[in-house]
Amino acid sequence: MADLIIIVDDDDEVLGGLKETLAGAGYNVAAFGSGSDVLEYAASHEPRLVISDIVMPEMGGFDLKEQYGAAFPGRATPFVFMSSLTDPVVMVKGLDSGAEDYLVKPVHPEVMKAKVRSILGRKAACLTPIFHGDLARYPFVKLMQFCELKGLTGSVEITAPGFRTTLGFKAGNVVLDGLDDADSLIERLYDLTEGGFSIHAVPVDFSELGDAAVTKPAPAEGRKDREIPMGKLSGIDVNGRLLQVQTEFVTYPSDQLLSIVILDGKVVFKKSVPPPAGMDKTALERVIEEQHTAVEGEVRDKISGIVKKKESSGESVSARFSRFFESGFEKYRDKDYAGALADWEEAYKANPADKTLQINLSIVKKKLQPDTA
């Protein structure tokens with residue numbers, strides 16, 4: 001769905017013109033004539049941006065921003081103020097309130113669209129966690145399972161020679177509604193042997209915390225958006241077992257470059273180092289890449305003993321699931337669809353709730369239909 005933008009102005013002519021401009025640019029626009037209506041609507045709809053007039057009856061733009069922050073303290077919704085007031089004191093007050101911009105009416109439609117593109121693009125780059133990966137090293141079927149295990153809400157962009165698509169995820173489940181010929185698309189993604197992927201995670205929705213929210217917004221002083229460097233995600237094979245390796249920049253409890261390795265859903269290796277001082281986003285991404293590659297090398301040596309130890313202690317249900325899931329995937333890649341089906345059915349017995357496995361079974365059965373017809 002297109003980005004939701006809320007606009008509010010007590011002038012119907014201005015409101016209509018602005019709605020037409022932004023809707024024509026592809027945005028989902030909700031228009032209101034009062035701040036109280038905005039607050040009521042926002043309780044069930046989280047916008048990506050609010051554009052508000054300053055001088056309005058009952059509730060002005062500054063008051064609206066303050067009450068919005070108090071009502072939804074978990075959100076980081078940017079505000080843009082509009083006004084025919086050109087008093088520098090008013091403009092400074094608007095910017096000091098934490099607004100992204102202050103525009104003097106009348107605002108040219110092209111300028112408004114450019115401002116919105118800039119603000120939404122900047123916010124996405126600063127606040128959205130992103131991972132880039134290589135499908136040759138971490139194939140799509142593994143990516144699906146990763147998104148399910150992490151409960152991803154967001155999107156995954158897939159690029160391959162002559163092919164590009166984006167899939168939405170909600171709470172770990174791929175969103176197939178609205179996709180043309182979804183089954184064929186997923187099957188094609190499963191068969192990709194090269195290309196790349198980008199995972200874009202949507203910030204957590206805190207609305208379910210409800211009454212636990214504080215009624216006073218956090219002070220704006222000292223709070224600054226940061227450009228978060230992109231992380232890395234890959235899978236490596238050790239003794240026939242696939243391990244997930246991820247490296248990212250984290251800020252809690254302190255700034256760190258954190259690498260973790262996951263086997264059978266458990267962290268079996270972790271490396272954390274402080275980032276070099278004074279580095280910008282691009283430089284940090286280079287360091288993340290270097291650390292990620294180094295950790296992959298360490299894992300090949302160190303995890304081998306852990307895998308052998310786990311195997312000698314007896315196979316758990318999760319290990320059995322992982323073993324048949326992995327072997328089924330290897331057979332799928334070798335086009336041994338009957339063997340893949342047999343292994344994935346064994347994995348299903350170990351964990352019938354795994355959504356990715358259910359899709360696997362559907363796809364491999366479809367592959368076998370011409371042979372069984």
# chains A, B, ... in the order shown; residues from 1 in each chain; ligands from 1
>>> select_by_dssp(residues="region 123-195 of chain A", states="strand (DSSP E or B)", output="PDB file with N, CA and C atoms, in the first residue's frame")
ATOM      1  N   ILE A 130      18.094  -2.268   7.403  1.00  0.00           N
ATOM      2  CA  ILE A 130      18.217  -2.876   6.085  1.00  0.00           C
ATOM      3  C   ILE A 130      19.340  -3.908   6.110  1.00  0.00           C
ATOM      4  N   PHE A 131      19.104  -5.050   5.464  1.00  0.00           N
ATOM      5  CA  PHE A 131      20.142  -6.045   5.251  1.00  0.00           C
ATOM      6  C   PHE A 131      20.236  -6.319   3.757  1.00  0.00           C
ATOM      7  N   HIS A 132      21.452  -6.448   3.262  1.00  0.00           N
ATOM      8  CA  HIS A 132      21.677  -6.873   1.895  1.00  0.00           C
ATOM      9  C   HIS A 132      22.337  -8.245   1.916  1.00  0.00           C
ATOM     10  N   GLY A 133      21.988  -9.085   0.966  1.00  0.00           N
ATOM     11  CA  GLY A 133      22.578 -10.416   0.921  1.00  0.00           C
ATOM     12  C   GLY A 133      22.679 -10.948  -0.490  1.00  0.00           C
ATOM     13  N   ASP A 134      23.342 -12.087  -0.632  1.00  0.00           N
ATOM     14  CA  ASP A 134      23.618 -12.727  -1.909  1.00  0.00           C
ATOM     15  C   ASP A 134      22.819 -14.027  -1.979  1.00  0.00           C
ATOM     16  N   GLY A 154       7.681  -6.024   7.024  1.00  0.00           N
ATOM     17  CA  GLY A 154       8.431  -5.157   6.137  1.00  0.00           C
ATOM     18  C   GLY A 154       8.386  -5.699   4.725  1.00  0.00           C
ATOM     19  N   SER A 155       9.518  -5.637   4.044  1.00  0.00           N
ATOM     20  CA  SER A 155       9.545  -6.106   2.662  1.00  0.00           C
ATOM     21  C   SER A 155      10.903  -6.691   2.333  1.00  0.00           C
ATOM     22  N   VAL A 156      10.911  -7.550   1.329  1.00  0.00           N
ATOM     23  CA  VAL A 156      12.148  -8.139   0.812  1.00  0.00           C
ATOM     24  C   VAL A 156      12.178  -7.878  -0.688  1.00  0.00           C
ATOM     25  N   GLU A 157      13.223  -7.199  -1.125  1.00  0.00           N
ATOM     26  CA  GLU A 157      13.400  -6.917  -2.546  1.00  0.00           C
ATOM     27  C   GLU A 157      14.378  -7.927  -3.130  1.00  0.00           C
ATOM     28  N   ILE A 158      13.998  -8.567  -4.213  1.00  0.00           N
ATOM     29  CA  ILE A 158      14.821  -9.572  -4.875  1.00  0.00           C
ATOM     30  C   ILE A 158      15.234  -9.047  -6.243  1.00  0.00           C
ATOM     31  N   THR A 159      16.533  -9.101  -6.532  1.00  0.00           N
ATOM     32  CA  THR A 159      17.027  -8.713  -7.846  1.00  0.00           C
ATOM     33  C   THR A 159      17.866  -9.839  -8.412  1.00  0.00           C
ATOM     34  N   ALA A 160      17.641 -10.136  -9.676  1.00  0.00           N
ATOM     35  CA  ALA A 160      18.402 -11.151 -10.393  1.00  0.00           C
ATOM     36  C   ALA A 160      18.511 -10.671 -11.838  1.00  0.00           C
ATOM     37  N   PHE A 163      15.388  -9.557 -13.741  1.00  0.00           N
ATOM     38  CA  PHE A 163      14.241  -9.829 -12.871  1.00  0.00           C
ATOM     39  C   PHE A 163      14.354  -9.014 -11.594  1.00  0.00           C
ATOM     40  N   ARG A 164      13.233  -8.449 -11.171  1.00  0.00           N
ATOM     41  CA  ARG A 164      13.179  -7.711  -9.907  1.00  0.00           C
ATOM     42  C   ARG A 164      11.761  -7.804  -9.353  1.00  0.00           C
ATOM     43  N   THR A 165      11.647  -8.060  -8.054  1.00  0.00           N
ATOM     44  CA  THR A 165      10.333  -8.071  -7.426  1.00  0.00           C
ATOM     45  C   THR A 165      10.478  -7.742  -5.954  1.00  0.00           C
ATOM     46  N   THR A 166       9.395  -7.334  -5.345  1.00  0.00           N
ATOM     47  CA  THR A 166       9.371  -7.023  -3.919  1.00  0.00           C
ATOM     48  C   THR A 166       8.206  -7.761  -3.270  1.00  0.00           C
ATOM     49  N   LEU A 167       8.488  -8.466  -2.179  1.00  0.00           N
ATOM     50  CA  LEU A 167       7.470  -9.190  -1.431  1.00  0.00           C
ATOM     51  C   LEU A 167       7.269  -8.521  -0.073  1.00  0.00           C
ATOM     52  N   GLY A 168       6.024  -8.375   0.321  1.00  0.00           N
ATOM     53  CA  GLY A 168       5.723  -7.855   1.645  1.00  0.00           C
ATOM     54  C   GLY A 168       5.637  -8.981   2.668  1.00  0.00           C
ATOM     55  N   PHE A 169       6.020  -8.677   3.903  1.00  0.00           N
ATOM     56  CA  PHE A 169       5.911  -9.634   5.002  1.00  0.00           C
ATOM     57  C   PHE A 169       5.175  -8.972   6.157  1.00  0.00           C
ATOM     58  N   LYS A 170       4.346  -9.764   6.827  1.00  0.00           N
ATOM     59  CA  LYS A 170       3.656  -9.276   8.015  1.00  0.00           C
ATOM     60  C   LYS A 170       3.749 -10.337   9.092  1.00  0.00           C
ATOM     61  N   ASN A 173       4.993 -13.713   7.945  1.00  0.00           N
ATOM     62  CA  ASN A 173       4.291 -14.397   6.855  1.00  0.00           C
ATOM     63  C   ASN A 173       4.346 -13.569   5.583  1.00  0.00           C
ATOM     64  N   VAL A 174       4.698 -14.210   4.471  1.00  0.00           N
ATOM     65  CA  VAL A 174       4.741 -13.504   3.196  1.00  0.00           C
ATOM     66  C   VAL A 174       3.328 -13.112   2.789  1.00  0.00           C
ATOM     67  N   VAL A 175       3.171 -11.891   2.295  1.00  0.00           N
ATOM     68  CA  VAL A 175       1.870 -11.372   1.884  1.00  0.00           C
ATOM     69  C   VAL A 175       1.705 -11.627   0.393  1.00  0.00           C
TER      70      VAL A 175
END
>>> residues_around(residues="Ile51 (chain A)", least_positions_apart="4", cutoff="8 Å", atoms="only C-alpha atoms", output="VMD selection string")
chain A and resid 5 to 8 79 to 82
>>> write_last_selection(atoms="N, CA and C atoms", output="PDB file, in the first residue's frame")
ATOM      1  N   ILE A   5      -0.204   9.694   4.036  1.00  0.00           N
ATOM      2  CA  ILE A   5       0.112  11.066   4.442  1.00  0.00           C
ATOM      3  C   ILE A   5      -1.172  11.719   4.937  1.00  0.00           C
ATOM      4  N   ILE A   6      -1.117  12.302   6.129  1.00  0.00           N
ATOM      5  CA  ILE A   6      -2.250  13.048   6.668  1.00  0.00           C
ATOM      6  C   ILE A   6      -2.008  14.534   6.426  1.00  0.00           C
ATOM      7  N   ILE A   7      -3.021  15.203   5.884  1.00  0.00           N
ATOM      8  CA  ILE A   7      -2.939  16.653   5.713  1.00  0.00           C
ATOM      9  C   ILE A   7      -4.105  17.280   6.463  1.00  0.00           C
ATOM     10  N   VAL A   8      -3.860  18.457   7.058  1.00  0.00           N
ATOM     11  CA  VAL A   8      -4.905  19.134   7.823  1.00  0.00           C
ATOM     12  C   VAL A   8      -4.804  20.629   7.579  1.00  0.00           C
ATOM     13  N   PHE A  79       6.595  15.818  10.925  1.00  0.00           N
ATOM     14  CA  PHE A  79       5.601  16.864  10.680  1.00  0.00           C
ATOM     15  C   PHE A  79       6.191  17.927   9.765  1.00  0.00           C
ATOM     16  N   VAL A  80       5.356  18.449   8.871  1.00  0.00           N
ATOM     17  CA  VAL A  80       5.694  19.622   8.066  1.00  0.00           C
ATOM     18  C   VAL A  80       4.612  20.663   8.327  1.00  0.00           C
ATOM     19  N   PHE A  81       5.033  21.882   8.660  1.00  0.00           N
ATOM     20  CA  PHE A  81       4.076  22.951   8.907  1.00  0.00           C
ATOM     21  C   PHE A  81       3.955  23.844   7.673  1.00  0.00           C
ATOM     22  N   MET A  82       2.740  24.306   7.426  1.00  0.00           N
ATOM     23  CA  MET A  82       2.463  25.278   6.365  1.00  0.00           C
ATOM     24  C   MET A  82       1.767  26.485   6.985  1.00  0.00           C
TER      25      MET A  82
END
>>> closest_residue(among="A:Lys19, A:His292, A:Arg286, A:Lys232", to="Met112 (chain A)", atoms="only C-alpha atoms")
A:Lys19
>>> atom_distance(atom1="CA of Leu15 (chain A)", atom2="CA of Arg75 (chain A)")
24.6 Å
>>> residues_around(residues="Ala42 (chain A)", least_positions_apart="6", cutoff="12 Å", atoms="only C-alpha atoms", output="list of chain:residue names")
A:Leu4, A:Ile5, A:Ile6, A:Ile7, A:Ala30, A:Ala31, A:Phe32, A:Gly35, A:Ser36, A:Arg48, A:Leu49, A:Val50, A:Leu64, A:Gln67, A:Tyr68, A:Gly69, A:Ala71, A:Phe72, A:Arg75, A:Thr77, A:Ser207
>>> write_last_selection(atoms="C-alpha atoms", output="PDB file, in the first residue's frame")
ATOM      1  CA  LEU A   4      -0.143   7.284   4.131  1.00  0.00           C
ATOM      2  CA  ILE A   5       0.112  11.066   4.442  1.00  0.00           C
ATOM      3  CA  ILE A   6      -2.250  13.048   6.668  1.00  0.00           C
ATOM      4  CA  ILE A   7      -2.939  16.653   5.713  1.00  0.00           C
ATOM      5  CA  ALA A  30      -6.200  11.427   4.309  1.00  0.00           C
ATOM      6  CA  ALA A  31      -7.418  15.044   4.523  1.00  0.00           C
ATOM      7  CA  PHE A  32      -8.986  16.740   7.556  1.00  0.00           C
ATOM      8  CA  GLY A  35      -6.650  18.661  14.464  1.00  0.00           C
ATOM      9  CA  SER A  36      -9.089  16.713  16.637  1.00  0.00           C
ATOM     10  CA  ARG A  48       4.341   8.264   7.348  1.00  0.00           C
ATOM     11  CA  LEU A  49       4.007  12.069   7.376  1.00  0.00           C
ATOM     12  CA  VAL A  50       1.678  14.796   8.712  1.00  0.00           C
ATOM     13  CA  LEU A  64      -1.612  19.210  17.154  1.00  0.00           C
ATOM     14  CA  GLN A  67      -0.891  16.249  21.365  1.00  0.00           C
ATOM     15  CA  TYR A  68       0.043  13.743  18.634  1.00  0.00           C
ATOM     16  CA  GLY A  69       3.388  13.124  20.368  1.00  0.00           C
ATOM     17  CA  ALA A  71      -0.958  10.274  22.246  1.00  0.00           C
ATOM     18  CA  PHE A  72       1.539   8.200  20.233  1.00  0.00           C
ATOM     19  CA  ARG A  75       5.944   6.865  16.817  1.00  0.00           C
ATOM     20  CA  THR A  77       6.118  10.595  12.549  1.00  0.00           C
ATOM     21  CA  SER A 207      -0.032   0.643  19.643  1.00  0.00           C
TER      22      SER A 207
END
>>> residues_around(residues="region 314-328 of chain A", least_positions_apart="5", cutoff="7 Å", atoms="only C-alpha atoms", output="PyMOL selection string")
chain A and resi 264+339-341+343-344+346-347+350-351
>>> atom_distance(atom1="CA of Asp12 (chain A)", atom2="CA of Ala70 (chain A)")
27.5 Å
>>> closest_residue(among="A:Ser234, A:Asn28, A:Gln369, A:Thr282", to="Ala338 (chain A)", atoms="only C-alpha atoms")
A:Gln369
>>> residues_around(residues="Lys113 (chain A)", least_positions_apart="5", cutoff="8 Å", atoms="only C-alpha atoms", output="PDB file with N, CA and C atoms, in the first residue's frame")
ATOM      1  N   THR A  21      -2.644  17.050  -5.370  1.00  0.00           N
ATOM      2  CA  THR A  21      -1.226  17.008  -5.720  1.00  0.00           C
ATOM      3  C   THR A  21      -0.559  15.729  -5.232  1.00  0.00           C
ATOM      4  N   LEU A  22      -0.777  15.388  -3.969  1.00  0.00           N
ATOM      5  CA  LEU A  22      -0.087  14.230  -3.386  1.00  0.00           C
ATOM      6  C   LEU A  22      -0.698  12.913  -3.848  1.00  0.00           C
ATOM      7  N   ALA A  25       0.621  12.018  -7.059  1.00  0.00           N
ATOM      8  CA  ALA A  25       2.009  11.534  -7.002  1.00  0.00           C
ATOM      9  C   ALA A  25       2.099  10.104  -6.472  1.00  0.00           C
TER      10      ALA A  25
END
>>> atom_distance(atom1="CA of Asp3 (chain A)", atom2="CA of Ser83 (chain A)")
23.7 Å
